[in-house]
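A.B. asks: Got coords-v5.tsv for you, TSV, C-alpha atoms:
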```tsv
chain	number	residue	atom	x	y	z
A	12	MET	CA	69.63	36.17	2.28
A	13	ASN	CA	72.78	36.48	0.19
A	14	GLN	CA	72.27	32.90	-1.06
A	15	ILE	CA	68.78	33.85	-2.27
A	16	LEU	CA	70.24	36.90	-4.01
A	17	PHE	CA	73.08	34.88	-5.53
A	18	GLY	CA	70.72	32.11	-6.70
A	19	ALA	CA	68.38	34.62	-8.38
A	20	LEU	CA	71.24	36.67	-9.83
A	21	ILE	CA	72.52	33.97	-12.22
A	22	PRO	CA	69.22	33.51	-14.17
A	23	PHE	CA	68.72	37.28	-14.02
A	24	LEU	CA	72.10	37.97	-15.67
A	25	VAL	CA	71.41	35.32	-18.34
A	26	ALA	CA	68.03	37.01	-18.98
A	27	VAL	CA	69.71	40.44	-19.20
A	28	ALA	CA	72.18	39.06	-21.80
A	29	ILE	CA	69.30	37.59	-23.88
A	30	TYR	CA	67.30	40.82	-23.54
A	31	ILE	CA	70.21	42.96	-24.80
A	32	ARG	CA	70.94	40.50	-27.63
A	33	ARG	CA	67.28	40.75	-28.79
A	34	GLY	CA	67.56	44.52	-29.09
A	35	ALA	CA	66.00	45.31	-25.70
A	36	ARG	CA	62.69	43.60	-26.56
A	37	ALA	CA	61.05	40.80	-24.58
A	38	SER	CA	58.23	38.44	-25.45
A	39	PHE	CA	55.40	37.77	-23.01
A	40	THR	CA	56.71	34.22	-22.42
A	41	PHE	CA	60.20	35.57	-21.68
A	42	LEU	CA	58.76	38.01	-19.12
A	43	VAL	CA	56.83	35.18	-17.44
A	44	LEU	CA	59.69	32.67	-17.46
A	45	THR	CA	62.46	34.99	-16.16
A	46	PRO	CA	61.06	35.43	-12.62
A	47	VAL	CA	60.15	31.71	-12.55
A	48	TRP	CA	63.79	30.79	-13.30
A	49	MET	CA	64.97	33.36	-10.74
A	50	ALA	CA	62.71	31.83	-8.09
A	51	LEU	CA	63.93	28.33	-8.95
A	52	GLY	CA	67.57	29.52	-8.78
A	53	ALA	CA	66.95	31.13	-5.38
A	54	LEU	CA	65.19	27.98	-4.14
A	55	TYR	CA	68.05	25.75	-5.36
A	56	ALA	CA	70.57	27.96	-3.53
A	57	VAL	CA	68.75	27.54	-0.18
A	58	VAL	CA	68.04	23.79	-0.38
A	59	PRO	CA	70.38	23.10	2.62
A	60	ASP	CA	68.34	25.58	4.73
A	61	LEU	CA	64.98	23.98	3.95
A	62	PRO	CA	65.09	21.28	6.70
A	63	ARG	CA	65.06	24.09	9.30
A	64	LEU	CA	61.83	25.44	7.77
A	65	PHE	CA	60.27	21.96	7.81
A	66	GLY	CA	61.12	21.39	11.49
A	67	ARG	CA	64.19	19.14	11.03
A	68	PRO	CA	67.00	21.04	12.85
A	69	ASP	CA	69.14	17.87	13.13
A	70	VAL	CA	69.30	17.49	9.32
A	71	TYR	CA	69.88	21.23	8.98
A	72	HIS	CA	72.86	21.20	11.37
A	73	ARG	CA	74.35	18.10	9.72
A	74	TRP	CA	74.08	19.64	6.26
A	75	SER	CA	75.37	23.05	7.41
A	76	HIS	CA	78.69	21.41	8.38
A	77	ASP	CA	79.00	19.38	5.18
A	78	PRO	CA	81.30	20.92	2.50
A	79	ARG	CA	79.44	18.89	-0.16
A	80	MET	CA	76.62	21.46	0.19
A	81	ASN	CA	78.75	23.63	-2.10
A	82	ILE	CA	76.91	21.98	-5.01
A	83	PHE	CA	73.98	24.26	-4.08
A	84	LEU	CA	75.72	27.34	-5.53
A	85	TRP	CA	78.56	27.36	-2.95
A	86	HIS	CA	76.08	27.38	-0.05
A	87	TYR	CA	78.62	26.02	2.47
A	88	ALA	CA	81.37	28.48	1.42
A	89	ILE	CA	78.95	31.45	1.57
A	90	ASP	CA	77.75	30.37	5.05
A	91	ARG	CA	81.37	30.58	6.29
A	92	VAL	CA	81.79	34.24	5.22
A	93	GLU	CA	78.17	35.40	5.50
A	94	VAL	CA	77.29	38.72	7.18
A	95	ASP	CA	73.69	39.93	7.48
A	96	SER	CA	73.19	43.26	5.75
A	97	SER	CA	70.30	45.34	4.41
A	98	PHE	CA	72.25	45.74	1.17
A	99	TYR	CA	71.25	42.21	0.11
A	100	HIS	CA	67.60	43.25	0.32
A	101	ALA	CA	68.48	46.44	-1.55
A	102	GLY	CA	70.18	44.34	-4.26
A	103	LEU	CA	67.11	42.10	-4.53
A	104	ILE	CA	64.84	45.17	-4.76
A	105	VAL	CA	67.01	46.68	-7.54
A	106	MET	CA	66.91	43.40	-9.49
A	107	LEU	CA	63.12	43.12	-9.16
A	108	LEU	CA	62.62	46.78	-10.10
A	109	LEU	CA	64.71	46.26	-13.27
A	110	LEU	CA	62.49	43.31	-14.16
A	111	LEU	CA	59.38	45.42	-13.54
A	112	GLY	CA	60.90	48.20	-15.64
A	113	ALA	CA	61.52	45.82	-18.57
A	114	ALA	CA	57.91	44.54	-18.38
A	115	TRP	CA	56.51	48.08	-18.24
A	116	ARG	CA	58.74	49.17	-21.19
A	117	GLU	CA	57.35	46.29	-23.24
A	118	LEU	CA	53.80	47.39	-22.37
A	119	TYR	CA	54.63	50.95	-23.43
A	120	LEU	CA	56.18	49.83	-26.75
A	121	VAL	CA	53.25	47.50	-27.55
A	122	GLU	CA	50.74	50.32	-26.99
A	123	LYS	CA	52.89	52.83	-28.93
A	124	THR	CA	52.97	50.72	-32.12
B	8	MET	CA	62.18	45.25	15.52
B	9	ALA	CA	60.74	44.08	12.23
B	10	HIS	CA	62.88	44.20	9.12
B	11	SER	CA	62.67	47.35	6.95
B	12	ALA	CA	61.63	45.14	4.02
B	13	ILE	CA	58.40	44.22	5.86
B	14	HIS	CA	57.57	47.92	6.33
B	15	PHE	CA	58.35	48.56	2.66
B	16	ALA	CA	56.25	45.61	1.46
B	17	THR	CA	53.27	46.58	3.65
B	18	GLY	CA	53.43	50.17	2.43
B	19	ALA	CA	53.81	49.09	-1.20
B	20	MET	CA	50.78	46.80	-0.98
B	21	ILE	CA	48.63	49.55	0.58
B	22	GLY	CA	49.87	51.95	-2.14
B	23	ALA	CA	48.99	49.42	-4.84
B	24	VAL	CA	45.44	49.03	-3.48
B	25	MET	CA	45.05	52.83	-3.23
B	26	ALA	CA	46.10	53.43	-6.86
B	27	SER	CA	44.37	50.44	-8.47
B	28	PRO	CA	40.94	52.13	-9.12
B	29	SER	CA	42.65	54.49	-11.60
B	30	VAL	CA	44.08	51.54	-13.59
B	31	VAL	CA	40.72	49.74	-13.55
B	32	ARG	CA	38.97	52.91	-14.81
B	33	THR	CA	41.52	53.29	-17.64
B	34	PHE	CA	41.03	49.64	-18.59
B	35	PHE	CA	37.23	49.94	-18.83
B	36	ARG	CA	37.52	53.15	-20.89
B	37	GLY	CA	39.66	51.22	-23.40
B	38	LYS	CA	42.52	53.72	-23.20
B	39	PRO	CA	46.27	52.82	-23.26
B	40	LEU	CA	47.33	51.37	-19.92
B	41	ALA	CA	51.07	52.17	-19.82
B	42	ARG	CA	50.78	55.57	-18.11
B	43	ALA	CA	48.16	54.37	-15.62
B	44	VAL	CA	50.28	51.33	-14.76
B	45	ALA	CA	53.39	53.55	-14.34
B	46	ARG	CA	51.43	55.79	-11.94
B	47	TRP	CA	50.21	52.68	-10.08
B	48	LEU	CA	53.79	51.39	-9.69
B	49	LEU	CA	55.12	54.79	-8.64
B	50	CYS	CA	52.34	55.25	-6.07
B	51	SER	CA	52.86	51.74	-4.71
B	52	ASN	CA	56.63	52.11	-4.31
B	53	ALA	CA	56.35	55.69	-3.00
B	54	VAL	CA	54.04	54.53	-0.19
B	55	GLY	CA	56.51	51.67	0.43
B	56	LEU	CA	59.34	54.19	0.82
B	57	TYR	CA	57.13	56.37	3.05
B	58	ALA	CA	56.62	53.36	5.33
B	59	VAL	CA	60.38	52.94	5.92
B	60	VAL	CA	60.97	56.59	6.96
B	61	PRO	CA	61.19	55.72	10.71
B	62	SER	CA	63.73	52.95	9.92
B	63	VAL	CA	65.81	55.48	7.98
B	64	LEU	CA	65.54	57.96	10.88
B	65	ARG	CA	66.77	55.28	13.29
B	66	TYR	CA	69.64	54.43	10.92
B	67	LEU	CA	70.57	58.14	10.80
B	68	GLY	CA	70.82	58.22	14.61
B	69	CYS	CA	67.41	59.54	15.67
B	70	PRO	CA	66.87	59.14	19.48
B	71	GLU	CA	65.28	55.80	20.42
B	72	HIS	CA	62.34	57.34	22.37
B	73	LEU	CA	61.34	59.28	19.22
B	74	CYS	CA	61.67	56.18	17.04
B	75	ARG	CA	59.37	54.23	19.38
B	76	SER	CA	56.72	56.89	19.90
B	77	LYS	CA	53.07	56.25	19.02
B	78	TRP	CA	52.78	59.07	16.47
B	79	LEU	CA	55.01	57.07	14.12
B	80	SER	CA	51.86	55.01	13.34
B	81	VAL	CA	51.25	57.57	10.58
B	82	PHE	CA	54.08	55.82	8.72
B	83	ILE	CA	51.88	52.80	7.86
B	84	PHE	CA	51.63	51.40	11.44
B	85	HIS	CA	55.41	51.36	11.92
B	86	PRO	CA	55.49	50.73	15.72
B	87	GLN	CA	52.78	48.04	15.50
B	88	LEU	CA	54.65	46.19	12.73
B	89	ALA	CA	57.97	46.62	14.56
B	90	SER	CA	56.51	44.94	17.65
B	91	LEU	CA	55.84	41.75	15.64
B	92	HIS	CA	59.60	40.86	15.62
B	93	LEU	CA	59.49	39.27	12.17
B	94	GLY	CA	62.83	37.98	10.86
B	95	THR	CA	64.73	37.90	7.56
B	96	ILE	CA	62.74	35.01	6.06
B	97	TRP	CA	59.44	36.86	6.58
B	98	ALA	CA	61.00	40.06	5.25
B	99	THR	CA	62.16	38.29	2.08
B	100	ALA	CA	58.77	36.59	1.68
B	101	ALA	CA	56.96	39.93	2.09
B	102	LEU	CA	59.21	41.56	-0.53
B	103	VAL	CA	58.70	38.71	-3.00
B	104	ILE	CA	54.88	38.72	-2.51
B	105	CYS	CA	54.81	42.51	-2.98
B	106	PHE	CA	56.88	42.22	-6.17
B	107	ALA	CA	54.76	39.33	-7.46
B	108	LEU	CA	51.62	41.47	-7.02
B	109	GLN	CA	53.12	44.40	-8.95
B	110	TYR	CA	54.61	42.18	-11.65
B	111	ALA	CA	51.33	40.32	-12.11
B	112	GLY	CA	49.63	43.69	-12.55
B	113	VAL	CA	52.08	44.80	-15.27
B	114	LEU	CA	51.87	41.43	-17.06
B	115	THR	CA	48.06	41.55	-17.00
B	116	ALA	CA	48.19	45.02	-18.55
B	117	LEU	CA	50.65	43.72	-21.16
B	118	ALA	CA	48.36	40.78	-21.98
B	119	VAL	CA	45.45	43.22	-22.40
B	120	ALA	CA	47.57	45.45	-24.66
B	121	LEU	CA	48.66	42.48	-26.79
B	122	ARG	CA	45.05	41.33	-27.10
B	123	ARG	CA	43.92	44.82	-28.13
B	124	GLN	CA	46.78	44.99	-30.67
B	125	HIS	CA	45.67	41.61	-32.08
B	126	LEU	CA	42.04	42.74	-32.39
B	127	ARG	CA	42.86	46.17	-33.84
B	128	PRO	CA	42.15	46.40	-37.61
B	129	HIS	CA	45.18	46.70	-39.89
B	130	PRO	CA	45.98	50.39	-40.59
B	131	ASN	CA	46.02	49.74	-44.37
B	132	LEU	CA	42.90	47.53	-44.34
B	133	ALA	CA	40.91	49.82	-46.71
B	134	GLN	CA	43.79	49.83	-49.22
B	135	ILE	CA	44.16	46.02	-48.99
B	136	ARG	CA	40.39	45.50	-49.63
B	137	GLN	CA	40.56	47.89	-52.61
B	138	LEU	CA	43.48	45.92	-54.09
B	139	GLU	CA	41.65	42.63	-53.50
B	140	GLY	CA	38.65	43.97	-55.44
B	141	GLN	CA	40.73	44.79	-58.51
B	142	LYS	CA	41.22	42.20	-61.25
B	143	PRO	CA	44.76	40.94	-61.50
B	144	GLN	CA	46.54	42.53	-64.47
B	145	ILE	CA	48.04	39.88	-66.76
B	146	PRO	CA	51.04	41.18	-68.64
B	147	ARG	CA	50.52	41.15	-72.42
B	148	LYS	CA	52.57	38.83	-74.53
B	149	VAL	CA	54.99	40.61	-76.75
B	150	CYS	CA	54.75	39.25	-80.35
B	151	HIS	CA	57.73	39.58	-82.60
```
Taking this structure as input, can you express it in the form of structure tokens?
C.D. replies:
Amino acid sequence: MNQILFGALIPFLVAVAIYIRRGARASFTFLVLTPVWMALGALYAVVPDLPRLFGRPDVYHRWSHDPRMNIFLWHYAIDRVEVDSSFYHAGLIVMLLLLLGAAWRELYLVEKT
Amino acid sequence: MAHSAIHFATGAMIGAVMASPSVVRTFFRGKPLARAVARWLLCSNAVGLYAVVPSVLRYLGCPEHLCRSKWLSVFIFHPQLASLHLGTIWATAALVICFALQYAGVLTALAVALRRQHLRPHPNLAQIRQLEGQKPQIPRKVCH
């Protein structure tokens, strides 16, 4: 879970920086592309876990002990220190709510003008 | 025990379905959608939070026999969902699907608002037409 959060966090922070730089306004394309990039980032961060989902536990175990898996956003290093916590879900919810808030704010500003 | 995120997502989806007729009505009346969409989001997430009340009670140290009793079904089928033993992957998937539904709703409303803004006549249209109707004034030459 924390790899998913970490993978989605990087595009999210880049999007926040762009959003602030544009004076807290977002185009429709920006609002569509941000969650797509976040999903791709999260997917990239969990690539070493995918063989388990596709029924290949042998590949999954081999990859989980390979330090080269750090190219997937430090997946191997995070696995070594990982603890399961509800706070990761809470972090993901906060991030998604901020995204929803930005989209709703844009709707409000468009209808106001 | 199912993950709290699954309870939240189930509640949020039921809340979204409950509040959607109001948004649809506002859309067909041609009124601004922002307030209706805000109410829809608030209702959806409030029902999601209502669905995780038993999980919060358990976290706060509520006795186990109370947390497993049948009457907790009033919190969006909490015991029934808990008996499914769904793990973290399903919980994350449920959260993401719930968010995608809400986000798609807000983006659809935004697309409608942008379309309406595009079709709305310019506020100074009458003035522009009046100016277009006038003959252009050519400045006179000054003879010395």
A.B. asks: Using only C-alpha atoms, can you tell me which of A:Arg116, A:Leu108, A:Asn81, A:Asp95 comes closest to A:Pro46?
C.D. replies: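 The answer is A:Leu108, which sits nearest to A:Pro46.
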A.B. asks: Mind giving me the straight-line distance from atom CA of A:Glu122 to atom CA of B:Pro128 in Å, one decimal?
C.D. replies: 14.2 Å
A.B. asks: Which polymer residues have any atom within 9 Å of an atom of A:Tyr87, counting only C-alpha atoms, with same-chain residues fewer than 2 positions away left out, as a list in words?
C.D. replies: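 So the residues in contact are Pro59, Trp74, Ser75, His76, Asp77, Pro78, Arg79, Met80, Asn81, Ile82, Phe83, Leu84, Trp85, Ile89, Asp90 and Arg91 of chain A.
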A.B. asks: Could you save the residues just selected, with C-alpha atoms, as a PDB file, in the coordinates of the input?
C.D. replies:
```pdb
ATOM      1  CA  PRO A  59      70.380  23.100   2.620  1.00  0.00           C
ATOM      2  CA  TRP A  74      74.080  19.640   6.260  1.00  0.00           C
ATOM      3  CA  SER A  75      75.370  23.050   7.410  1.00  0.00           C
ATOM      4  CA  HIS A  76      78.690  21.410   8.380  1.00  0.00           C
ATOM      5  CA  ASP A  77      79.000  19.380   5.180  1.00  0.00           C
ATOM      6  CA  PRO A  78      81.300  20.920   2.500  1.00  0.00           C
ATOM      7  CA  ARG A  79      79.440  18.890  -0.160  1.00  0.00           C
ATOM      8  CA  MET A  80      76.620  21.460   0.190  1.00  0.00           C
ATOM      9  CA  ASN A  81      78.750  23.630  -2.100  1.00  0.00           C
ATOM     10  CA  ILE A  82      76.910  21.980  -5.010  1.00  0.00           C
ATOM     11  CA  PHE A  83      73.980  24.260  -4.080  1.00  0.00           C
ATOM     12  CA  LEU A  84      75.720  27.340  -5.530  1.00  0.00           C
ATOM     13  CA  TRP A  85      78.560  27.360  -2.950  1.00  0.00           C
ATOM     14  CA  ILE A  89      78.950  31.450   1.570  1.00  0.00           C
ATOM     15  CA  ASP A  90      77.750  30.370   5.050  1.00  0.00           C
ATOM     16  CA  ARG A  91      81.370  30.580   6.290  1.00  0.00           C
TER      17      ARG A  91
END
```
A.B. asks: Near B:Arg122, within 12 Å and counting all atoms listed in the file, which residues show up once chain neighbours fewer than 2 positions away are dropped, as a PyMOL selection string?
C.D. replies: (chain A and resi 39+118+121-122) or (chain B and resi 37+115-120+124-127)
A.B. asks: Check every residue of chain A for an atom within 9 Å of chain B, counting all atoms listed in the file, and provide those that qualify as number ranges by chain.
C.D. replies: A: 12, 39, 42-43, 97, 100-101, 103-104, 107-108, 110-111, 114-124
A.B. asks: Could you check how far atom CA of B:Tyr57 sits from atom CA of B:Pro86, in Å to one decimal?
C.D. replies: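 Straight-line distance from atom CA of B:Tyr57 to atom CA of B:Pro86 works out to 14.0 Å.
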A.B. asks: Write out as a list in words which residues come within 12 Å of A:Arg63 when counting all atoms listed in the file, dropping same-chain ones fewer than 3 positions away.
C.D. replies: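 Listed by chain and then number, they are Val57, Val58, Pro59, Asp60, Gly66, Arg67, Pro68, Asp69, Val70, Tyr71, His72, Arg73, Trp74 and Ser75 of chain A; Ile96 of chain B.
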A.B. asks: Can you work out the spacing between atom CA of B:Ala26 and atom CA of B:Gly94 in Å, to one decimal?
C.D. replies: 28.9 Å
A.B. asks: So that I can check the surroundings of stretch 16-22 of chain B, please list as JSON, numbers by chain every protein, DNA and RNA residue that reaches within 6 Å of it, counting only C-alpha atoms and ignoring chain neighbours fewer than 5 positions away.
C.D. replies: {"B": [50, 51, 52, 54, 55, 58, 101, 102, 105]}
A.B. asks: Counting only C-alpha atoms, which of A:Gly102, A:Gly112, A:Pro22, A:Pro62 gets nearest to A:Val47?
C.D. replies: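 Looking at the shortest contact to A:Val47, the residue is A:Pro22.
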A.B. asks: From the options B:Leu73, B:His14, B:Leu138, B:Ser27, which residue's atoms come nearest to B:Leu93, counting all atoms listed in the file?
C.D. replies: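 For B:Leu93, the nearest of the candidates is B:His14.
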A.B. asks: Complete the atom set of stretch 100-125 of chain B to N, CA and C atoms and return it as a compact mmCIF listing (two decimals), in the frame of the given file.
C.D. replies:
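Okay, this is what ended up in selection-v2.txt:
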```
# COMPACT_ATOMS: atom_id res chain seq x y z
N ALA B 100 60.06 37.06 2.20
CA ALA B 100 58.77 36.59 1.68
C ALA B 100 57.84 37.77 1.38
N ALA B 101 57.83 38.76 2.29
CA ALA B 101 56.96 39.93 2.09
C ALA B 101 57.38 40.70 0.84
N LEU B 102 58.70 40.85 0.66
CA LEU B 102 59.21 41.56 -0.53
C LEU B 102 58.81 40.83 -1.81
N VAL B 103 58.99 39.50 -1.80
CA VAL B 103 58.70 38.71 -3.00
C VAL B 103 57.20 38.75 -3.32
N ILE B 104 56.34 38.66 -2.28
CA ILE B 104 54.88 38.72 -2.51
C ILE B 104 54.49 40.09 -3.07
N CYS B 105 55.09 41.15 -2.52
CA CYS B 105 54.81 42.51 -2.98
C CYS B 105 55.22 42.65 -4.45
N PHE B 106 56.41 42.14 -4.78
CA PHE B 106 56.88 42.22 -6.17
C PHE B 106 55.97 41.41 -7.09
N ALA B 107 55.60 40.21 -6.63
CA ALA B 107 54.76 39.33 -7.46
C ALA B 107 53.43 40.01 -7.79
N LEU B 108 52.88 40.73 -6.81
CA LEU B 108 51.62 41.47 -7.02
C LEU B 108 51.81 42.54 -8.11
N GLN B 109 52.87 43.32 -7.98
CA GLN B 109 53.12 44.40 -8.95
C GLN B 109 53.41 43.83 -10.33
N TYR B 110 54.22 42.78 -10.36
CA TYR B 110 54.61 42.18 -11.65
C TYR B 110 53.39 41.56 -12.34
N ALA B 111 52.55 40.91 -11.55
CA ALA B 111 51.33 40.32 -12.11
C ALA B 111 50.45 41.42 -12.70
N GLY B 112 50.40 42.56 -12.04
CA GLY B 112 49.63 43.69 -12.55
C GLY B 112 50.14 44.17 -13.90
N VAL B 113 51.48 44.32 -14.01
CA VAL B 113 52.08 44.80 -15.27
C VAL B 113 51.87 43.76 -16.37
N LEU B 114 52.04 42.48 -16.04
CA LEU B 114 51.87 41.43 -17.06
C LEU B 114 50.41 41.34 -17.53
N THR B 115 49.48 41.55 -16.61
CA THR B 115 48.06 41.55 -17.00
C THR B 115 47.79 42.70 -17.97
N ALA B 116 48.36 43.86 -17.65
CA ALA B 116 48.19 45.02 -18.55
C ALA B 116 48.82 44.73 -19.91
N LEU B 117 49.98 44.05 -19.90
CA LEU B 117 50.65 43.72 -21.16
C LEU B 117 49.81 42.73 -21.98
N ALA B 118 49.23 41.75 -21.29
CA ALA B 118 48.36 40.78 -21.98
C ALA B 118 47.16 41.49 -22.60
N VAL B 119 46.58 42.44 -21.87
CA VAL B 119 45.45 43.22 -22.40
C VAL B 119 45.88 44.01 -23.62
N ALA B 120 47.06 44.64 -23.54
CA ALA B 120 47.57 45.45 -24.66
C ALA B 120 47.84 44.59 -25.89
N LEU B 121 48.39 43.39 -25.66
CA LEU B 121 48.66 42.48 -26.79
C LEU B 121 47.36 42.02 -27.44
N ARG B 122 46.37 41.76 -26.60
CA ARG B 122 45.05 41.33 -27.10
C ARG B 122 44.41 42.44 -27.93
N ARG B 123 44.48 43.68 -27.40
CA ARG B 123 43.92 44.82 -28.13
C ARG B 123 44.65 45.01 -29.46
N GLN B 124 45.99 44.83 -29.45
CA GLN B 124 46.78 44.99 -30.67
C GLN B 124 46.37 43.94 -31.70
N HIS B 125 46.08 42.72 -31.20
CA HIS B 125 45.67 41.61 -32.08
C HIS B 125 44.31 41.90 -32.70
```
